[in-house]
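Colleague: Structure file upload_37.csv (CSV, C-alpha atoms) right here:
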```
chain,number,residue,atom,x,y,z
A,1,MET,CA,0.0,0.0,0.0
A,2,ARG,CA,1.4,3.4,-1.0
A,3,GLU,CA,1.5,6.1,1.8
A,4,PHE,CA,0.8,9.7,1.2
A,5,ILE,CA,1.1,12.7,3.5
A,6,VAL,CA,-1.5,15.4,3.0
A,7,GLU,CA,-0.7,18.8,4.4
A,8,ALA,CA,-3.5,21.4,4.2
A,9,ASP,CA,-4.1,24.9,5.4
A,10,GLY,CA,-6.6,27.7,4.9
A,11,GLY,CA,-6.7,31.4,5.7
A,12,SER,CA,-9.0,34.4,5.8
A,13,ARG,CA,-8.0,38.0,5.7
A,14,GLY,CA,-10.6,39.3,8.0
A,15,ASN,CA,-12.1,36.1,9.5
A,16,PRO,CA,-14.6,36.3,7.8
A,17,GLY,CA,-12.9,37.9,4.8
A,18,PRO,CA,-11.3,37.1,1.5
A,19,ALA,CA,-10.2,33.5,2.0
A,20,GLY,CA,-8.3,30.7,0.3
A,21,TYR,CA,-6.8,27.3,0.9
A,22,GLY,CA,-3.8,25.3,0.0
A,23,SER,CA,-2.9,21.6,0.2
A,24,VAL,CA,-0.1,19.3,-0.9
A,25,VAL,CA,0.3,15.6,-1.3
A,26,ILE,CA,3.7,14.1,-0.5
A,27,ASP,CA,5.1,10.7,-1.0
A,28,ALA,CA,5.7,9.4,2.5
A,29,ALA,CA,8.7,7.3,1.6
A,30,THR,CA,10.7,9.9,-0.3
A,31,GLY,CA,9.3,13.3,0.8
A,32,GLU,CA,8.6,14.1,-2.9
A,33,THR,CA,5.7,16.5,-3.7
A,34,LEU,CA,3.2,14.7,-5.9
A,35,ALA,CA,0.4,17.2,-6.2
A,36,GLU,CA,-0.6,20.7,-5.1
A,37,ALA,CA,-4.1,22.3,-4.9
A,38,ALA,CA,-5.2,25.8,-4.0
A,39,GLU,CA,-8.2,28.0,-4.5
A,40,TYR,CA,-9.5,31.5,-3.7
A,41,ILE,CA,-13.0,30.9,-2.3
A,42,GLY,CA,-14.3,34.4,-1.7
A,43,VAL,CA,-15.4,35.6,1.7
A,44,ALA,CA,-15.2,32.9,4.4
A,45,THR,CA,-13.8,32.1,7.8
A,46,ASN,CA,-10.5,30.6,8.6
A,47,ASN,CA,-12.0,27.3,9.7
A,48,VAL,CA,-14.1,27.0,6.5
A,49,ALA,CA,-11.0,27.6,4.4
A,50,GLU,CA,-9.1,25.0,6.4
A,51,TYR,CA,-11.7,22.4,5.9
A,52,LYS,CA,-11.9,23.2,2.2
A,53,GLY,CA,-8.1,22.7,2.0
A,54,LEU,CA,-8.4,19.4,3.7
A,55,VAL,CA,-11.1,18.2,1.2
A,56,ALA,CA,-9.0,19.3,-1.7
A,57,GLY,CA,-5.9,17.6,-0.4
A,58,LEU,CA,-7.7,14.3,0.2
A,59,LYS,CA,-9.3,14.5,-3.3
A,60,ALA,CA,-5.9,15.1,-4.9
A,61,ALA,CA,-4.5,12.1,-3.0
A,62,HIS,CA,-7.4,10.0,-4.0
A,63,ALA,CA,-6.8,10.9,-7.7
A,64,LEU,CA,-3.3,9.5,-7.4
A,65,ASP,CA,-4.2,6.3,-5.6
A,66,PRO,CA,-7.6,5.6,-3.9
A,67,SER,CA,-6.1,2.6,-2.0
A,68,ALA,CA,-3.3,4.6,-0.4
A,69,SER,CA,-2.8,5.1,3.3
A,70,ILE,CA,-3.2,8.8,4.2
A,71,HIS,CA,-1.6,10.7,7.0
A,72,VAL,CA,-3.1,14.2,7.3
A,73,ARG,CA,-1.0,17.0,8.9
A,74,MET,CA,-2.5,20.4,9.7
A,75,ASP,CA,-1.8,23.2,12.1
A,76,SER,CA,-5.6,23.6,12.7
A,77,LYS,CA,-6.2,21.9,16.1
A,78,LEU,CA,-9.9,22.3,15.5
A,79,VAL,CA,-10.0,20.4,12.2
A,80,VAL,CA,-7.6,17.7,13.4
A,81,GLU,CA,-9.6,17.1,16.6
A,82,GLN,CA,-12.9,17.1,14.9
A,83,MET,CA,-11.9,14.8,12.1
A,84,SER,CA,-10.3,12.5,14.6
A,85,GLY,CA,-13.7,12.3,16.4
A,86,ARG,CA,-12.5,13.8,19.7
A,87,TRP,CA,-14.4,17.1,19.3
A,88,LYS,CA,-18.0,17.6,18.2
A,89,ILE,CA,-18.7,19.6,15.0
A,90,LYS,CA,-21.2,22.3,15.9
A,91,HIS,CA,-20.8,25.0,13.3
A,92,PRO,CA,-23.4,24.6,10.5
A,93,ASP,CA,-20.8,25.7,7.8
A,94,MET,CA,-18.3,23.1,8.8
A,95,LYS,CA,-20.6,20.0,9.2
A,96,PRO,CA,-21.0,19.4,5.4
A,97,LEU,CA,-17.3,20.0,4.7
A,98,ALA,CA,-16.3,17.5,7.4
A,99,ALA,CA,-18.8,15.0,6.0
A,100,GLU,CA,-17.3,15.6,2.5
A,101,ALA,CA,-13.8,15.0,3.8
A,102,ALA,CA,-14.8,11.8,5.6
A,103,ARG,CA,-16.3,10.4,2.3
A,104,VAL,CA,-13.1,10.7,0.2
A,105,PHE,CA,-11.3,7.7,1.8
A,106,PRO,CA,-12.6,4.9,4.1
A,107,ALA,CA,-11.9,6.0,7.7
A,108,PRO,CA,-9.3,3.3,8.5
A,109,GLN,CA,-7.1,4.6,5.7
A,110,VAL,CA,-6.7,8.1,7.2
A,111,THR,CA,-5.0,9.4,10.3
A,112,TYR,CA,-4.7,13.0,11.5
A,113,GLU,CA,-1.8,14.8,13.2
A,114,TRP,CA,-1.6,18.4,14.5
A,115,ILE,CA,1.7,20.2,13.6
A,116,PRO,CA,3.0,23.7,14.4
A,117,ARG,CA,2.4,26.3,11.8
A,118,GLU,CA,6.1,26.6,11.0
A,119,LYS,CA,6.0,22.9,9.8
A,120,ASN,CA,3.1,23.6,7.5
A,121,LYS,CA,4.7,26.3,5.4
A,122,HIS,CA,4.1,24.7,2.0
A,123,ALA,CA,0.4,24.5,2.4
A,124,ASP,CA,0.3,27.9,4.0
A,125,ARG,CA,2.1,29.5,1.1
A,126,LEU,CA,-0.3,27.9,-1.3
A,127,ALA,CA,-3.2,29.3,0.6
A,128,ASN,CA,-1.6,32.8,0.5
A,129,GLU,CA,-0.9,32.4,-3.2
A,130,ALA,CA,-4.6,31.7,-3.7
A,131,MET,CA,-5.7,34.7,-1.7
A,132,ASP,CA,-3.2,36.9,-3.5
A,133,ALA,CA,-4.7,35.7,-6.9
A,134,GLY,CA,-8.2,36.4,-5.6
A,135,ARG,CA,-7.2,40.0,-4.8
A,136,ARG,CA,-6.2,40.4,-8.4
A,137,GLY,CA,-9.5,39.0,-9.6
A,138,GLN,CA,-7.8,35.7,-10.7
A,139,GLN,CA,-7.7,32.1,-9.6
A,140,TRP,CA,-4.5,30.3,-8.4
A,141,SER,CA,-2.5,28.6,-11.2
A,142,ALA,CA,-0.3,25.5,-10.5
A,143,SER,CA,2.2,26.4,-13.3
A,144,ALA,CA,2.9,29.8,-11.7
A,145,SER,CA,3.2,28.5,-8.1
A,146,THR,CA,6.5,29.0,-6.2
A,147,ALA,CA,5.1,27.8,-2.9
A,148,GLU,CA,7.3,24.7,-2.6
A,149,LEU,CA,10.5,26.5,-3.4
A,150,ASP,CA,9.5,29.4,-1.0
A,151,ALA,CA,8.7,27.0,1.8
A,152,LYS,CA,11.9,25.0,1.5
A,153,ALA,CA,14.0,28.2,1.2
A,154,SER,CA,12.6,29.4,4.5
A,155,VAL,CA,13.4,26.2,6.4
A,156,PRO,CA,17.2,25.9,7.2
A,157,VAL,CA,16.9,22.3,8.4
A,158,PRO,CA,14.6,20.2,6.2
A,159,SER,CA,12.7,17.3,7.9
A,160,GLY,CA,12.7,15.1,4.8
A,161,PRO,CA,14.9,14.4,1.8
A,162,PRO,CA,17.0,17.2,0.3
A,163,GLY,CA,14.7,20.1,-0.7
A,164,ASP,CA,16.5,21.1,-3.9
A,165,ALA,CA,16.0,17.7,-5.3
A,166,ALA,CA,12.4,17.4,-4.4
A,167,ALA,CA,11.6,20.9,-5.6
A,168,GLY,CA,13.5,20.4,-8.8
A,169,ALA,CA,11.7,17.2,-9.5
A,170,ALA,CA,8.3,18.9,-8.8
A,171,LYS,CA,9.1,21.7,-11.2
A,172,ALA,CA,10.4,19.3,-13.9
A,173,ARG,CA,7.2,17.3,-13.6
A,174,ALA,CA,5.1,20.4,-13.9
A,175,ALA,CA,7.0,21.6,-17.0
A,176,LEU,CA,6.6,18.2,-18.5
A,177,ALA,CA,2.9,18.0,-17.8
A,178,GLU,CA,2.5,21.5,-19.2
A,179,ARG,CA,4.1,20.5,-22.5
A,180,ARG,CA,2.1,17.2,-22.8
A,181,ALA,CA,-1.3,18.2,-21.5
A,182,PRO,CA,-3.8,20.5,-23.3
A,183,GLU,CA,-4.2,23.9,-21.7
A,184,VAL,CA,-6.9,23.9,-19.1
A,185,PRO,CA,-9.0,26.9,-18.0
A,186,SER,CA,-8.0,28.7,-14.9
A,187,GLY,CA,-10.1,27.7,-11.9
A,188,SER,CA,-10.1,25.5,-8.9
A,189,ALA,CA,-11.2,22.2,-10.2
A,190,ALA,CA,-9.1,22.4,-13.4
A,191,ASP,CA,-6.0,23.4,-11.4
A,192,VAL,CA,-6.4,20.7,-8.8
A,193,ARG,CA,-6.8,18.1,-11.6
A,194,ALA,CA,-3.7,19.5,-13.4
A,195,ALA,CA,-1.6,19.5,-10.3
A,196,GLY,CA,-2.9,16.1,-9.2
A,197,ASN,CA,-2.2,14.4,-12.5
A,198,VAL,CA,1.4,15.7,-12.8
A,199,ALA,CA,2.9,12.6,-11.2
A,200,ALA,CA,0.8,10.3,-13.4
A,201,GLN,CA,1.9,12.0,-16.6
A,202,ALA,CA,5.6,12.1,-15.8
A,203,PRO,CA,7.7,9.0,-16.5
A,204,SER,CA,8.2,6.7,-13.5
A,205,ALA,CA,11.7,5.7,-12.2
A,206,GLY,CA,11.5,2.5,-14.2
A,207,TRP,CA,9.5,3.8,-17.2
A,208,GLY,CA,7.4,0.7,-17.1
A,209,PRO,CA,4.0,-0.5,-16.0
A,210,ASP,CA,2.6,0.1,-12.5
A,211,LEU,CA,3.9,-2.8,-10.4
A,212,GLY,CA,2.2,-1.8,-7.2
A,213,ALA,CA,3.7,-0.4,-4.0
A,214,PRO,CA,7.3,-1.5,-3.6
A,215,ALA,CA,8.9,-2.8,-0.4
A,216,THR,CA,10.7,0.3,0.8
A,217,PHE,CA,13.7,-0.1,3.1
A,218,VAL,CA,14.6,3.0,5.1
A,219,LEU,CA,18.3,2.3,6.0
A,220,LEU,CA,19.4,3.8,9.3
A,221,ARG,CA,23.1,3.6,10.2
A,222,HIS,CA,23.6,3.2,14.0
A,223,GLY,CA,24.7,6.1,16.1
A,224,GLU,CA,28.3,6.7,17.2
A,225,THR,CA,30.2,4.4,19.5
A,226,ALA,CA,33.5,5.4,21.2
A,227,LEU,CA,35.3,3.9,18.2
A,228,THR,CA,33.4,5.9,15.5
A,229,PRO,CA,35.1,9.3,15.8
A,230,GLN,CA,38.5,7.5,16.0
A,231,LYS,CA,37.7,5.8,12.6
A,232,ARG,CA,38.7,2.4,13.9
A,233,PHE,CA,37.6,-0.8,12.2
A,234,SER,CA,34.5,-2.0,14.2
A,235,GLY,CA,32.8,-5.0,12.7
A,236,SER,CA,31.0,-8.1,13.9
A,237,GLY,CA,34.3,-9.8,15.0
A,238,GLY,CA,35.3,-7.2,17.6
A,239,SER,CA,34.2,-5.9,21.0
A,240,ASP,CA,30.6,-5.1,20.0
A,241,PRO,CA,30.6,-1.6,21.6
A,242,SER,CA,27.5,0.1,22.8
A,243,LEU,CA,26.5,3.6,21.7
A,244,SER,CA,28.3,6.5,23.2
A,245,ASP,CA,26.5,9.5,24.7
A,246,VAL,CA,26.7,11.2,21.4
A,247,GLY,CA,25.4,8.1,19.7
A,248,ARG,CA,22.4,7.9,22.0
A,249,GLU,CA,21.6,11.5,21.2
A,250,GLN,CA,21.9,10.8,17.5
A,251,ALA,CA,19.6,7.8,17.9
A,252,GLU,CA,17.0,9.9,19.6
A,253,ARG,CA,17.1,12.6,16.9
A,254,ALA,CA,16.8,10.0,14.2
A,255,ALA,CA,13.9,8.4,16.1
A,256,ALA,CA,12.1,11.8,16.4
A,257,ALA,CA,12.5,12.4,12.6
A,258,LEU,CA,11.2,9.0,11.7
A,259,ALA,CA,8.3,9.4,14.1
A,260,ALA,CA,7.4,12.7,12.6
A,261,ARG,CA,7.3,11.2,9.1
A,262,GLY,CA,5.0,8.5,10.4
A,263,THR,CA,5.8,6.0,7.6
A,264,ILE,CA,7.6,3.1,9.3
A,265,GLN,CA,5.6,-0.1,9.6
A,266,ALA,CA,8.2,-2.5,10.9
A,267,ILE,CA,11.7,-2.4,12.4
A,268,VAL,CA,14.5,-4.8,11.6
A,269,SER,CA,18.0,-4.6,13.2
A,270,SER,CA,21.4,-6.1,13.1
A,271,PRO,CA,22.1,-8.2,16.2
A,272,LEU,CA,25.0,-5.9,17.3
A,273,LYS,CA,24.5,-3.8,20.3
A,274,ARG,CA,24.9,-0.4,18.7
A,275,CYS,CA,22.2,-1.2,16.1
A,276,GLN,CA,19.8,-2.7,18.6
A,277,GLU,CA,20.1,0.4,20.9
A,278,THR,CA,19.5,2.7,17.9
A,279,ALA,CA,16.5,0.6,16.8
A,280,GLN,CA,15.0,0.5,20.3
A,281,ALA,CA,15.2,4.4,20.4
A,282,VAL,CA,13.0,4.4,17.3
A,283,ALA,CA,10.7,1.6,18.5
A,284,ALA,CA,10.0,3.5,21.7
A,285,ARG,CA,8.8,6.5,19.7
A,286,ILE,CA,6.6,4.7,17.3
A,287,GLY,CA,5.4,1.7,19.3
A,288,LEU,CA,6.8,-1.2,17.2
A,289,ASP,CA,8.8,-4.3,18.1
A,290,VAL,CA,12.3,-4.8,16.8
A,291,ARG,CA,13.1,-7.9,14.8
A,292,ILE,CA,16.7,-9.1,14.6
A,293,GLU,CA,18.2,-10.2,11.3
A,294,ASP,CA,21.7,-11.7,11.4
A,295,GLY,CA,22.3,-11.0,7.8
A,296,LEU,CA,22.4,-7.2,8.6
A,297,ARG,CA,25.5,-7.5,10.8
A,298,GLU,CA,28.6,-5.6,9.9
A,299,THR,CA,31.6,-7.2,8.1
A,300,ASP,CA,33.9,-9.2,10.3
A,301,PHE,CA,37.2,-7.3,10.0
A,302,GLY,CA,39.2,-10.1,11.7
A,303,ALA,CA,42.7,-9.0,12.8
A,304,TRP,CA,41.9,-5.4,12.0
A,305,GLU,CA,39.2,-5.0,14.5
A,306,GLY,CA,39.8,-2.0,16.7
A,307,LEU,CA,42.7,-0.7,14.5
A,308,THR,CA,42.7,2.5,12.4
A,309,PHE,CA,43.3,2.5,8.7
A,310,GLY,CA,46.8,3.9,9.3
A,311,GLU,CA,47.7,1.3,11.8
A,312,VAL,CA,46.6,-1.5,9.4
A,313,ARG,CA,48.6,0.1,6.5
A,314,GLU,CA,51.7,0.2,8.8
A,315,ARG,CA,51.3,-3.4,10.0
A,316,GLN,CA,49.9,-5.3,7.1
A,317,PRO,CA,50.3,-3.2,3.9
A,318,GLU,CA,50.1,-6.1,1.5
A,319,GLU,CA,47.0,-7.5,3.0
A,320,LEU,CA,45.4,-4.0,3.0
A,321,ASN,CA,46.2,-3.4,-0.7
A,322,ALA,CA,44.8,-6.8,-1.6
A,323,TRP,CA,41.6,-5.9,0.3
A,324,LEU,CA,41.3,-2.6,-1.4
A,325,SER,CA,41.8,-4.2,-4.8
A,326,SER,CA,39.4,-7.1,-4.7
A,327,ALA,CA,36.1,-7.8,-3.2
A,328,LYS,CA,37.1,-11.4,-2.7
A,329,ALA,CA,40.1,-10.5,-0.4
A,330,ALA,CA,39.4,-10.6,3.3
A,331,PRO,CA,41.2,-9.2,6.3
A,332,PRO,CA,43.3,-11.9,8.1
A,333,GLY,CA,40.7,-14.0,9.9
A,334,GLY,CA,37.9,-11.9,8.6
A,335,GLU,CA,35.2,-11.6,6.0
A,336,SER,CA,35.4,-10.5,2.4
A,337,PHE,CA,33.1,-8.0,0.8
A,338,ALA,CA,32.0,-10.7,-1.6
A,339,ALA,CA,30.9,-12.8,1.4
A,340,VAL,CA,29.1,-9.8,2.9
A,341,SER,CA,27.3,-9.2,-0.4
A,342,ARG,CA,26.0,-12.8,-0.5
A,343,ARG,CA,24.8,-12.5,3.1
A,344,VAL,CA,23.2,-9.1,2.7
A,345,SER,CA,21.5,-10.2,-0.6
A,346,ALA,CA,20.0,-13.2,1.1
A,347,ALA,CA,18.7,-11.0,3.9
A,348,ARG,CA,17.3,-8.5,1.4
A,349,ASP,CA,15.5,-11.2,-0.5
A,350,ARG,CA,13.9,-12.6,2.6
A,351,LEU,CA,12.8,-9.2,3.8
A,352,THR,CA,11.4,-7.9,0.4
A,353,ALA,CA,9.3,-11.1,0.2
A,354,GLU,CA,8.0,-10.7,3.7
A,355,TYR,CA,7.4,-6.9,3.6
A,356,ALA,CA,6.2,-6.5,0.0
A,357,GLY,CA,4.4,-3.1,-0.4
A,358,ARG,CA,5.4,-1.9,3.1
A,359,THR,CA,7.9,0.5,4.5
A,360,VAL,CA,10.5,-1.1,6.8
A,361,LEU,CA,13.3,0.5,8.9
A,362,LEU,CA,16.5,-1.5,8.7
A,363,VAL,CA,19.0,-0.5,11.4
A,364,THR,CA,22.4,-1.6,10.3
A,365,HIS,CA,26.0,-0.7,9.5
A,366,VAL,CA,28.1,1.0,6.9
A,367,THR,CA,29.0,-2.1,4.8
A,368,PRO,CA,25.4,-3.6,4.6
A,369,ILE,CA,23.9,-0.2,3.7
A,370,LYS,CA,26.5,0.5,1.0
A,371,THR,CA,26.1,-3.0,-0.3
A,372,LEU,CA,22.3,-2.6,-0.6
A,373,VAL,CA,22.8,0.7,-2.4
A,374,ARG,CA,25.5,-0.7,-4.7
A,375,LEU,CA,23.3,-3.7,-5.6
A,376,ALA,CA,20.3,-1.4,-6.2
A,377,LEU,CA,22.4,0.7,-8.6
A,378,GLY,CA,24.1,-2.2,-10.3
A,379,ALA,CA,27.4,-0.6,-9.4
A,380,PRO,CA,30.7,-2.5,-9.2
A,381,PRO,CA,32.3,-3.6,-5.8
A,382,GLU,CA,34.7,-0.7,-5.8
A,383,ALA,CA,31.7,1.6,-5.4
A,384,LEU,CA,31.7,0.7,-1.7
A,385,PHE,CA,34.8,3.0,-1.4
A,386,ARG,CA,33.0,5.9,-3.1
A,387,MET,CA,30.1,6.4,-0.7
A,388,GLU,CA,30.0,8.4,2.5
A,389,LEU,CA,27.7,7.2,5.3
A,390,SER,CA,27.6,9.3,8.5
A,391,ALA,CA,26.6,7.9,11.8
A,392,ALA,CA,22.8,7.9,12.3
A,393,SER,CA,22.2,8.8,8.6
A,394,LEU,CA,19.2,7.8,6.6
A,395,SER,CA,19.1,6.2,3.2
A,396,ALA,CA,16.2,4.5,1.3
A,397,VAL,CA,15.8,1.9,-1.4
A,398,ALA,CA,12.6,0.7,-3.0
A,399,TYR,CA,12.2,-2.8,-4.4
A,400,TYR,CA,9.6,-3.6,-7.0
A,401,ALA,CA,7.8,-6.8,-7.9
A,402,ASP,CA,9.8,-7.2,-11.1
A,403,GLY,CA,13.0,-7.4,-9.2
A,404,ASN,CA,14.1,-3.8,-10.0
A,405,ALA,CA,15.2,-1.4,-7.3
A,406,SER,CA,15.3,2.4,-7.0
A,407,LEU,CA,17.6,4.4,-4.7
A,408,ARG,CA,15.5,7.1,-3.2
A,409,LEU,CA,17.8,8.7,-0.5
A,410,LEU,CA,21.4,8.5,0.5
A,411,ASN,CA,23.2,9.7,3.7
A,412,GLU,CA,20.5,12.1,4.8
A,413,THR,CA,21.7,13.9,8.1
A,414,ALA,CA,19.4,16.9,8.3
A,415,HIS,CA,17.8,15.5,11.5
A,416,LEU,CA,21.2,15.6,13.3
A,417,ARG,CA,21.8,19.4,12.7
```
Represent the structure from my file as structure tokens, please.

Modeller:
Amino acid sequence: MREFIVEADGGSRGNPGPAGYGSVVIDAATGETLAEAAEYIGVATNNVAEYKGLVAGLKAAHALDPSASIHVRMDSKLVVEQMSGRWKIKHPDMKPLAAEAARVFPAPQVTYEWIPREKNKHADRLANEAMDAGRRGQQWSASASTAELDAKASVPVPSGPPGDAAAGAAKARAALAERRAPEVPSGSAADVRAAGNVAAQAPSAGWGPDLGAPATFVLLRHGETALTPQKRFSGSGGSDPSLSDVGREQAERAAAALAARGTIQAIVSSPLKRCQETAQAVAARIGLDVRIEDGLRETDFGAWEGLTFGEVRERQPEELNAWLSSAKAAPPGGESFAAVSRRVSAARDRLTAEYAGRTVLLVTHVTPIKTLVRLALGAPPEALFRMELSAASLSAVAYYADGNASLRLLNETAHLR
């Protein structure tokens, strides 16, 4: 099942006064904007505009995939609490709008979350664009919108994937759709359809048929241990260190970021302590159990465990050069990258079969993450030495039913800043 985040907002300059709404549909796994909707609605209250934004966002998501799981985020406490069923709806103008919103998706497919206004800037800017257009006697136009770029430019620490990439992709899709689609008249319904259909009109990552929701692995490297800042070899054949104080703080920040995204449906961890501790920090936030997968353990570095790269070069230069030159070479008493690749591939195959169509957090190490990324890209073994993976960083790979894979994120660290 695909997962969408719908962010919606509405405003009124006068309350009641000239009003408008904005809403955006986001791919929960990648943070990519899939659709935008906005409209100037004339004179109305803030709450009516907010409800209309919610309805438009849900309808845009439904147009993309009626079977999707929807997580609504709004800065309107009133709308969130009423749609969640915790507050009664008394105002006669809002009852039909709430009923309309409830009819778009079956209730079990939709959850609601209140967020602070500063985290709802994209939808807020869309609503203001709509009100500005109304003041000029016009309707909002998707092709002229800069709301996504403006929102990302105003947020120094993004909560999702890199903003430039997401914004650039959204603009590219919009331009592509504009070239392909016949011109539509300005107006709310037409603009919502145009924005909502952008993703459908653009080519997919595989340029092939719809194969359904992929198994998406969100790859979290464990937080720091005492050995991490010293850049010492620390694999599955060493001392199995716990997280340091810094590492525990990193794990908590990663957990908070993942909980805010609300997309993780299962957690799988390497058996080593540093990964289990990182995984438990996430599990405590989102209320899931942690499953252990031995195939996700780090490389056994044998005699090099606990040593720095410089110490290994000084003591065993020939063995180190052989290891750097061939994936089949192993540290003395340790494990080769070729062996790690076979182990990680087997774990990947087991997990993709079990979690087809779901989003799973894999808490693991540098080599397993790089191996999954390398295999997804079809890159040679030497690509392992050309990737940077920070402690507590996030990456993501999606696996489709035809066996293809798509790298969606690599070494995201915004949550640590």

Colleague: Quick one, how far is CA of Leu324 in chain A from CA of Ala226 in chain A?

Modeller: 25.2 Å

Colleague: Given all atoms listed in the file as the basis, pick out the residue of A:Glu50, A:Asp294, A:Glu335, A:Glu118 nearest to Ala101 in chain A.

Modeller: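 Ranked by minimum distance to Ala101 in chain A, first place goes to A:Glu50.
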
Colleague: Between A:Gly262, A:Gly22, A:Gly357, A:Gly14, which has the minimum distance to Ala147 in chain A (counting only C-alpha atoms)?

Modeller: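 Going through A:Gly262, A:Gly22, A:Gly357, A:Gly14 one by one, the smallest distance to Ala147 in chain A is for A:Gly22.
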
Colleague: For Gln276 in chain A, which residue out of A:Pro380, A:Gly403, A:Gly223, A:Gly53 is the nearest one, using only C-alpha atoms?

Modeller: A:Gly223

Colleague: Which one of A:Val55, A:Ala8, A:Ala330, A:Val104 sits closest to Lys119 in chain A if you count only C-alpha atoms?

Modeller: A:Ala8

Colleague: Which residue gives the smallest distance to Trp114 in chain A among A:Ser395, A:Ser325, A:Ser84, A:Ser23, with only C-alpha atoms counted?

Modeller: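 Among the listed residues, A:Ser84 lies closest to Trp114 in chain A.
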
Colleague: For CA of Ile70 in chain A and CA of Tyr399 in chain A, quote the distance in Å rounded to one decimal.

Modeller: 21.1 Å

Colleague: Mind listing as JSON, numbers by chain all residues within 10 Å of (31.4, -6.8, 1.7), counting all atoms listed in the file?

Modeller: {"A": [298, 299, 300, 327, 328, 329, 330, 335, 336, 337, 338, 339, 340, 341, 342, 343, 344, 366, 367, 368, 370, 371, 381, 384]}

Colleague: Pick from A:Leu320, A:Leu220, A:Val363, A:Ala127: nearest to Val290 in chain A, with only C-alpha atoms counted?

Modeller: A:Val363

Colleague: Skipping near chain neighbours, those fewer than 4 positions away, what residues fall within 9 Å of Ala49 in chain A using only C-alpha atoms, listed as a PyMOL selection string?

Modeller: chain A and resi 9-12+19-22+41+44-45+53-54+127

Colleague: Save the residues we just selected, C-alpha atoms, as a PDB file, in the coordinates of the input?

Modeller:
```
ATOM      1  CA  ASP A   9      -4.100  24.900   5.400  1.00  0.00           C
ATOM      2  CA  GLY A  10      -6.600  27.700   4.900  1.00  0.00           C
ATOM      3  CA  GLY A  11      -6.700  31.400   5.700  1.00  0.00           C
ATOM      4  CA  SER A  12      -9.000  34.400   5.800  1.00  0.00           C
ATOM      5  CA  ALA A  19     -10.200  33.500   2.000  1.00  0.00           C
ATOM      6  CA  GLY A  20      -8.300  30.700   0.300  1.00  0.00           C
ATOM      7  CA  TYR A  21      -6.800  27.300   0.900  1.00  0.00           C
ATOM      8  CA  GLY A  22      -3.800  25.300   0.000  1.00  0.00           C
ATOM      9  CA  ILE A  41     -13.000  30.900  -2.300  1.00  0.00           C
ATOM     10  CA  ALA A  44     -15.200  32.900   4.400  1.00  0.00           C
ATOM     11  CA  THR A  45     -13.800  32.100   7.800  1.00  0.00           C
ATOM     12  CA  GLY A  53      -8.100  22.700   2.000  1.00  0.00           C
ATOM     13  CA  LEU A  54      -8.400  19.400   3.700  1.00  0.00           C
ATOM     14  CA  ALA A 127      -3.200  29.300   0.600  1.00  0.00           C
TER      15      ALA A 127
END
```

Colleague: Quote the spacing between CA of Tyr51 in chain A and CA of Ile26 in chain A in Å to one decimal place.

Modeller: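 These atoms are spaced 18.6 Å apart.
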
Colleague: Do you know which residues are at most 6 Å from Arg221 in chain A counting only C-alpha atoms, after dropping those on the same chain fewer than 3 positions away, and could you put them as a list in words?

Modeller: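 Contacts, with the query itself left out: Val363, Thr364, His365, Ala391, Ala392 and Ser393 of chain A.
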
Colleague: Might you pull out every residue within 10 Å of Arg408 in chain A, with all atoms listed in the file counted and same-chain residues fewer than 5 positions away left off, and present them as a list in words?

Modeller: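 Surrounding residues, per the criterion: Ala29, Thr30, Gly31, Glu32, Pro161, Ala205, Thr216, Phe217, Val218, Val373, Ser395, Ala396, Val397 and Ala398 of chain A.
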
Colleague: Show me, as a PyMOL selection string, the residues that have an atom within 12 Å of Gly333 in chain A when counting all atoms listed in the file, minus same-chain residues fewer than 6 positions from it.

Modeller: chain A and resi 237-238+299-305+319

Colleague: For the point (45.4, 1.5, 12.4) in the file's frame, write as a PDB file with C-alpha atoms, keeping the file's coordinate frame all residues with an atom no more than 12 Å away, counting only C-alpha atoms.

Modeller:
```
ATOM      1  CA  LEU A 227      35.300   3.900  18.200  1.00  0.00           C
ATOM      2  CA  GLN A 230      38.500   7.500  16.000  1.00  0.00           C
ATOM      3  CA  LYS A 231      37.700   5.800  12.600  1.00  0.00           C
ATOM      4  CA  ARG A 232      38.700   2.400  13.900  1.00  0.00           C
ATOM      5  CA  PHE A 233      37.600  -0.800  12.200  1.00  0.00           C
ATOM      6  CA  SER A 234      34.500  -2.000  14.200  1.00  0.00           C
ATOM      7  CA  ALA A 303      42.700  -9.000  12.800  1.00  0.00           C
ATOM      8  CA  TRP A 304      41.900  -5.400  12.000  1.00  0.00           C
ATOM      9  CA  GLU A 305      39.200  -5.000  14.500  1.00  0.00           C
ATOM     10  CA  GLY A 306      39.800  -2.000  16.700  1.00  0.00           C
ATOM     11  CA  LEU A 307      42.700  -0.700  14.500  1.00  0.00           C
ATOM     12  CA  THR A 308      42.700   2.500  12.400  1.00  0.00           C
ATOM     13  CA  PHE A 309      43.300   2.500   8.700  1.00  0.00           C
ATOM     14  CA  GLY A 310      46.800   3.900   9.300  1.00  0.00           C
ATOM     15  CA  GLU A 311      47.700   1.300  11.800  1.00  0.00           C
ATOM     16  CA  VAL A 312      46.600  -1.500   9.400  1.00  0.00           C
ATOM     17  CA  ARG A 313      48.600   0.100   6.500  1.00  0.00           C
ATOM     18  CA  GLU A 314      51.700   0.200   8.800  1.00  0.00           C
ATOM     19  CA  ARG A 315      51.300  -3.400  10.000  1.00  0.00           C
ATOM     20  CA  GLN A 316      49.900  -5.300   7.100  1.00  0.00           C
ATOM     21  CA  PRO A 317      50.300  -3.200   3.900  1.00  0.00           C
ATOM     22  CA  LEU A 320      45.400  -4.000   3.000  1.00  0.00           C
TER      23      LEU A 320
END
```
